[in-house]
Amino acid sequence: MIGDFPQLLINGLLAGTQLAVPAIGFTTVFAVLRFPNFAVASHATIGAYAGYLANTAFGLPAGAALLVAFLVAGLFGVASDEIVLRRLRSSGPLTVAIASVALTIVLENAVRFGFGNDPRGYDLAVLRDWRVDLGWLGLVRIGPQQVINAGAAAIAMALLFGFLGFTRTGKMMRAVADNPMLAALKGINAETVARLANFIGMGLAGYGGMLIAMDTAVDPLTGFRVMLSIFAAAVVGGLGSIPGAVLGAFVIGVGEEMSVLLFDPTYRTAVGFFAILIVLTLRPRGLLGERAV
Amino acid sequence: MENYLLAMAVFAGCYALMALGLNLIFGLAGMVNLGLVGFFAVGAYASALLTVKLHLPMLAGWAAAIALASLLGAAMALITARLRGDYLAIVTLGFSEVIRLAASNEIWLTNGTDGISAIPAPGRGVLSPLLFNLQFVVIVWAVVGLAAWALARLSAAPFGRVLRAIREDDMIAAVAGKRVLAFKVQAFALGAGLLGLAGALYAHFNAYIAPDGFQPLITIYVVLALTAGGTGTMRGAVLGAVLVIALTESTRFFGGVIPWLKPVQFAALREAAIGIALILVLYYRPDGIIPERITPQEPA
């Protein structure tokens with residue numbers, strides 16, 4: 001049992017890196033627009049399908065297909081906000097949150113309408129697992145695809161941190177997230193920043209959705225299945241905090257893997273829920289978040 | 001056809017009961033609950049298991065369904081009551097998923113995805129199907145009527161006024177000396193109890209439950225029912241539930257109209273229609289068909 005520990009830890013860290021991408025997307029939208037956008041699930045699915053089309057129908061390599069996944073999901077995010085959610089903002093965040101649940105059902109079924117329920121796979125080279133001997137810790141197997149995915153996730157995160165930290169637009173976004181009123185006084189256009197947040201947030205959801213789908217399969221519920229883990233990562237890290245979402249994703253990723261030591265593997269997704277409950281009871285603002293009241 | 005219509009009347013009653021439960025939690029107290037189907041499932045399983053495995057009478061099953069759902073609702077409210085509504089939305093949504101997960105995996109208890117069958121109900125197999133359905137319509141709608149009446153009384157009572165005050169601004173309610181947390185927990189528990197009861201009624205009428213029957217879409221049906229009918233009013237909640245059933249069931253018959261649609265595409269369209277309907281209602285009729293009217297009290 002305990003001999004599985006290094007293997008589970010590695011699996012968890014790799015899974016956490018992938019999970020961090022959509023979790024950042026979710027938390028970014030929350031930071032700027034101040035409501036939990038449940039449509040992150042369907043946008044992850046849309047990204048997975050966009051990448052699937054780019055990869056199988058147009059023959060693009062996986063890296064380019066990931067870019068397509070980001071762009072398409074991002075554009076869907078902006079469009080769905082413009083068409084559906086923006087008009088409801090004046091009715092309060094809860095109304096928008098409820099509408100985003102309705103939106104995710106509509107989008108998920110649009111995908112189902114177009115592609116059916118059958119799971120599909122990407123056109124990827126099948127690689128053999130690496131076996132690494134850790135001496136007295138035992139032998140671990142590492143899937144090259146998972147490492148590639150984690151690398152792709154790390155690249156996306158590095159680009160995002162660079163963008164937020166060093167570009168003018170990125171700083172504008174952080175200003176609005178930090179204090180919308182002050183940002184408005186400084187002449188920052190809140191609507192532009194909101195659009196940008198939707199584009200980046202939902203784009204990352206799509207990018208992450210494709211990463212997760214490469215690991216599993218593409219079907220209309222790809223995003224929905226990981227939704228709870230995404231929320232958990234964001235809440236554990238602190239809603240609205242991007243570094244928090246990364247940390248939270250590692251906690252959830254490792255937690256889900258480690259849970260098999262104690263529980264039946266089918267309960268993996270329940271880990272996220274209980275992590276949310278524990279964090280909300282003990283430290284509601286999350287590991288790195290601001291206040292939650 | 002009569003049997004079908006009566007069965008739909010029973011389902012509409014279950015939805016109405018859920019809409020009433022949500023109305024207490026969200027409509028009056030302003031707490032969002034996106035895990036309705038979870039409480040519904042808890043009630044259904046509690047009553048089904050007690051009557052099938054322990055052979056308890058049906059009413060005991062219903063009482064247990066209410067008690068268990070209330071207990072879970074209270075716990076949920078206790079954990080999140082101090083936090084912003086966003087957290088409650090996430091927690092309740094997660095709750096319903098975990099319930100479905102547990103229902104599929106705790107095979108020793110719930111029979112897993114095979115579900116529980118032969119859930120007893122008075123008169124099943126003895127009465128003709130028509131009479132049996134008719135009897136259940138009467139039972140369910142009597143419960144709905146009773147619940148709507150009791151909640152309307154409660155809503156007009158000081159308890160309801162405090163809940164509405166909390167919904168509008170819980171800080172002011174607290175300053176006015178109301179124990180906000182206690183009121184929130186009570187409202188959530190009571191509302192969740194109704195959701196559980198709706199599940200129990202459904203289980204005994206349907207005679208069969210399985211995790212597949214507790215899809216998140218049901219939550220959206222109920223949210224749509226309450227929003228369309230009129231958040232905050234009991235008549236609105238009931239009316240909305242009837243309309244939602246009418247909408248979802250009538251679209252079932254359009255399947256043959258567009259012959260080139262595959263069944264999966266048709267199913268997708270029907271599900272999407274529910275989401276679109278909710279969004280449209282939020283745009284054009286956010287107060288619902290029967291809007292809540294608060295009559296200002298004459299100063300004494």
# chains A, B, ... in the order shown; residues from 1 in each chain; ligands from 1
$ closest_atom_pairs --of "range 11-43 of chain A" --to "range 177-187 of chain A" --cutoff "9 Å" --atoms "only C-alpha atoms" --output "tab-separated table"
residue	atom	partner	partner_atom	distance
A:Thr28	CA	A:Ala177	CA	8.6
A:Phe30	CA	A:Ala177	CA	8.7
A:Ala31	CA	A:Ala177	CA	5.1
A:Val32	CA	A:Ala177	CA	4.6
A:Leu33	CA	A:Ala177	CA	8.0
A:Arg34	CA	A:Ala177	CA	8.5
$ interface_residues --of "chain B" --to "chain A" --cutoff "9 Å" --atoms "only C-alpha atoms" --output "PyMOL selection string"
chain B and resi 32+34+76+79-80+82-87+89-91+93-95+97-98+101-102+105+217+220+223+262+264-279+282-283+286
$ residues_around --residues "Gly63 in chain A" --least-positions-apart "2" --cutoff "12 Å" --atoms "only C-alpha atoms" --output "list in words"
Gly51, Tyr52, Ala54, Asn55, Gly59, Leu60, Pro61, Ala65, Leu66, Leu67, Val68, Ala69, Phe70, Tyr122, Asp123, Leu124, Ile148, Asn149, Gly151, Ala152, Ala153, Ile155, Ala156, Tyr207, Met210, Leu211 and Met214 of chain A
$ atom_distance --atom1 "CA of Arg141 in chain A" --atom2 "CA of Asp219 in chain A"
27.1 Å
$ atom_distance --atom1 "CA of Arg128 in chain A" --atom2 "CA of Val140 in chain A"
13.3 Å
$ residues_around --residues "Glu2 in chain B" --least-positions-apart "4" --cutoff "12 Å" --atoms "only C-alpha atoms" --output "mmCIF file with N, CA and C atoms, in the first residue's frame"
data_model
loop_
_atom_site.group_PDB
_atom_site.id
_atom_site.type_symbol
_atom_site.label_atom_id
_atom_site.label_comp_id
_atom_site.auth_asym_id
_atom_site.auth_seq_id
_atom_site.Cartn_x
_atom_site.Cartn_y
_atom_site.Cartn_z
ATOM 1 N N LEU B 6 -52.236 11.224 -15.846
ATOM 2 C CA LEU B 6 -52.253 11.158 -14.384
ATOM 3 C C LEU B 6 -50.834 11.047 -13.837
ATOM 4 N N ALA B 7 -50.008 10.231 -14.523
ATOM 5 C CA ALA B 7 -48.618 10.118 -14.075
ATOM 6 C C ALA B 7 -47.937 11.478 -14.154
ATOM 7 N N MET B 8 -48.218 12.213 -15.226
ATOM 8 C CA MET B 8 -47.625 13.544 -15.344
ATOM 9 C C MET B 8 -48.118 14.465 -14.233
ATOM 10 N N ALA B 9 -49.367 14.295 -13.846
ATOM 11 C CA ALA B 9 -49.902 15.116 -12.755
ATOM 12 C C ALA B 9 -49.149 14.810 -11.457
ATOM 13 N N PRO B 129 -54.474 0.199 -12.761
ATOM 14 C CA PRO B 129 -53.475 1.261 -12.923
ATOM 15 C C PRO B 129 -54.107 2.655 -12.902
ATOM 16 N N LEU B 130 -55.278 2.762 -13.522
ATOM 17 C CA LEU B 130 -55.934 4.067 -13.566
ATOM 18 C C LEU B 130 -56.281 4.554 -12.162
ATOM 19 N N LEU B 131 -56.887 3.649 -11.370
ATOM 20 C CA LEU B 131 -57.268 4.041 -10.014
ATOM 21 C C LEU B 131 -56.038 4.321 -9.160
ATOM 22 N N PHE B 132 -55.002 3.481 -9.367
ATOM 23 C CA PHE B 132 -53.768 3.663 -8.596
ATOM 24 C C PHE B 132 -53.181 5.052 -8.864
ATOM 25 N N ASN B 133 -53.080 5.386 -10.147
ATOM 26 C CA ASN B 133 -52.536 6.702 -10.495
ATOM 27 C C ASN B 133 -53.401 7.816 -9.930
ATOM 28 N N LEU B 134 -54.719 7.616 -10.044
ATOM 29 C CA LEU B 134 -55.644 8.629 -9.560
ATOM 30 C C LEU B 134 -55.450 8.841 -8.062
#
$ residues_around --residues "Gln215 in chain B" --least-positions-apart "4" --cutoff "8 Å" --atoms "only C-alpha atoms" --output "list in words"
Val37, Pro211 and Thr219 of chain B
$ write_last_selection --atoms "C-alpha atoms" --output "short mmCIF file (atom, residue, chain, number, x, y, z; two decimals), in the first residue's frame"
data_model
loop_
_atom_site.label_atom_id
_atom_site.label_comp_id
_atom_site.auth_asym_id
_atom_site.auth_seq_id
_atom_site.Cartn_x
_atom_site.Cartn_y
_atom_site.Cartn_z
CA VAL B 37 -31.74 17.01 -6.99
CA PRO B 211 -28.89 7.13 -9.86
CA THR B 219 -32.42 21.09 -10.45
#
$ residues_around --residues "Ala19 in chain B" --least-positions-apart "4" --cutoff "7 Å" --atoms "only C-alpha atoms" --output "tab-separated table (two decimals) with C-alpha atoms, in the first residue's frame"
chain	number	residue	atom	x	y	z
B	15	TYR	CA	-41.89	19.30	-8.95
B	23	ASN	CA	-39.10	28.97	-2.62
B	222	VAL	CA	-37.18	23.32	-10.50
B	225	ALA	CA	-40.38	26.41	-12.36
B	226	LEU	CA	-39.90	28.77	-9.45
B	237	ALA	CA	-44.06	27.99	-7.40
B	238	VAL	CA	-46.91	25.54	-7.99
B	241	ALA	CA	-43.99	23.48	-11.79
$ closest_residue --among "A:Thr45, A:Gln18, A:Gln145, A:Gln7" --to "Thr222 in chain A" --atoms "only C-alpha atoms"
A:Thr45
$ decode --residues "range 140-184 of chain A" --atoms "C-alpha atoms" --output "PDB file, in the first residue's frame"
ATOM      1  CA  VAL A 140       7.383   4.339 -10.695  1.00  0.00           C
ATOM      2  CA  ARG A 141       5.744   4.439 -14.102  1.00  0.00           C
ATOM      3  CA  ILE A 142       5.272   7.767 -15.795  1.00  0.00           C
ATOM      4  CA  GLY A 143       3.123   8.281 -18.873  1.00  0.00           C
ATOM      5  CA  PRO A 144       4.976  10.488 -21.392  1.00  0.00           C
ATOM      6  CA  GLN A 145       1.665  12.005 -22.528  1.00  0.00           C
ATOM      7  CA  GLN A 146       0.955  13.139 -18.988  1.00  0.00           C
ATOM      8  CA  VAL A 147       4.370  14.754 -18.751  1.00  0.00           C
ATOM      9  CA  ILE A 148       3.836  16.489 -22.103  1.00  0.00           C
ATOM     10  CA  ASN A 149       0.430  17.679 -20.893  1.00  0.00           C
ATOM     11  CA  ALA A 150       1.903  18.967 -17.657  1.00  0.00           C
ATOM     12  CA  GLY A 151       4.538  20.783 -19.695  1.00  0.00           C
ATOM     13  CA  ALA A 152       1.868  22.317 -21.907  1.00  0.00           C
ATOM     14  CA  ALA A 153      -0.026  23.362 -18.799  1.00  0.00           C
ATOM     15  CA  ALA A 154       3.118  24.898 -17.314  1.00  0.00           C
ATOM     16  CA  ILE A 155       3.745  26.869 -20.522  1.00  0.00           C
ATOM     17  CA  ALA A 156       0.203  28.260 -20.476  1.00  0.00           C
ATOM     18  CA  MET A 157       0.568  29.250 -16.832  1.00  0.00           C
ATOM     19  CA  ALA A 158       3.968  30.881 -17.372  1.00  0.00           C
ATOM     20  CA  LEU A 159       2.539  32.912 -20.258  1.00  0.00           C
ATOM     21  CA  LEU A 160      -0.409  33.981 -18.120  1.00  0.00           C
ATOM     22  CA  PHE A 161       1.766  35.022 -15.203  1.00  0.00           C
ATOM     23  CA  GLY A 162       4.011  36.944 -17.611  1.00  0.00           C
ATOM     24  CA  PHE A 163       0.994  38.643 -19.126  1.00  0.00           C
ATOM     25  CA  LEU A 164      -0.524  39.620 -15.790  1.00  0.00           C
ATOM     26  CA  GLY A 165       2.767  40.647 -14.253  1.00  0.00           C
ATOM     27  CA  PHE A 166       4.514  42.533 -17.007  1.00  0.00           C
ATOM     28  CA  THR A 167       2.083  43.884 -19.577  1.00  0.00           C
ATOM     29  CA  ARG A 168      -0.017  47.004 -19.243  1.00  0.00           C
ATOM     30  CA  THR A 169      -3.199  45.139 -20.119  1.00  0.00           C
ATOM     31  CA  GLY A 170      -2.410  42.468 -17.565  1.00  0.00           C
ATOM     32  CA  LYS A 171      -1.891  45.068 -14.882  1.00  0.00           C
ATOM     33  CA  MET A 172      -5.202  46.662 -15.866  1.00  0.00           C
ATOM     34  CA  MET A 173      -6.904  43.345 -15.329  1.00  0.00           C
ATOM     35  CA  ARG A 174      -5.361  42.939 -11.915  1.00  0.00           C
ATOM     36  CA  ALA A 175      -6.370  46.474 -10.996  1.00  0.00           C
ATOM     37  CA  VAL A 176     -10.013  45.768 -11.824  1.00  0.00           C
ATOM     38  CA  ALA A 177      -9.903  42.496  -9.925  1.00  0.00           C
ATOM     39  CA  ASP A 178      -8.349  44.259  -6.960  1.00  0.00           C
ATOM     40  CA  ASN A 179     -10.652  47.250  -6.749  1.00  0.00           C
ATOM     41  CA  PRO A 180     -13.082  47.943  -9.583  1.00  0.00           C
ATOM     42  CA  MET A 181     -13.972  51.396  -8.326  1.00  0.00           C
ATOM     43  CA  LEU A 182     -10.398  52.634  -8.112  1.00  0.00           C
ATOM     44  CA  ALA A 183      -9.665  51.097 -11.491  1.00  0.00           C
ATOM     45  CA  ALA A 184     -12.611  52.979 -12.986  1.00  0.00           C
TER      46      ALA A 184
END
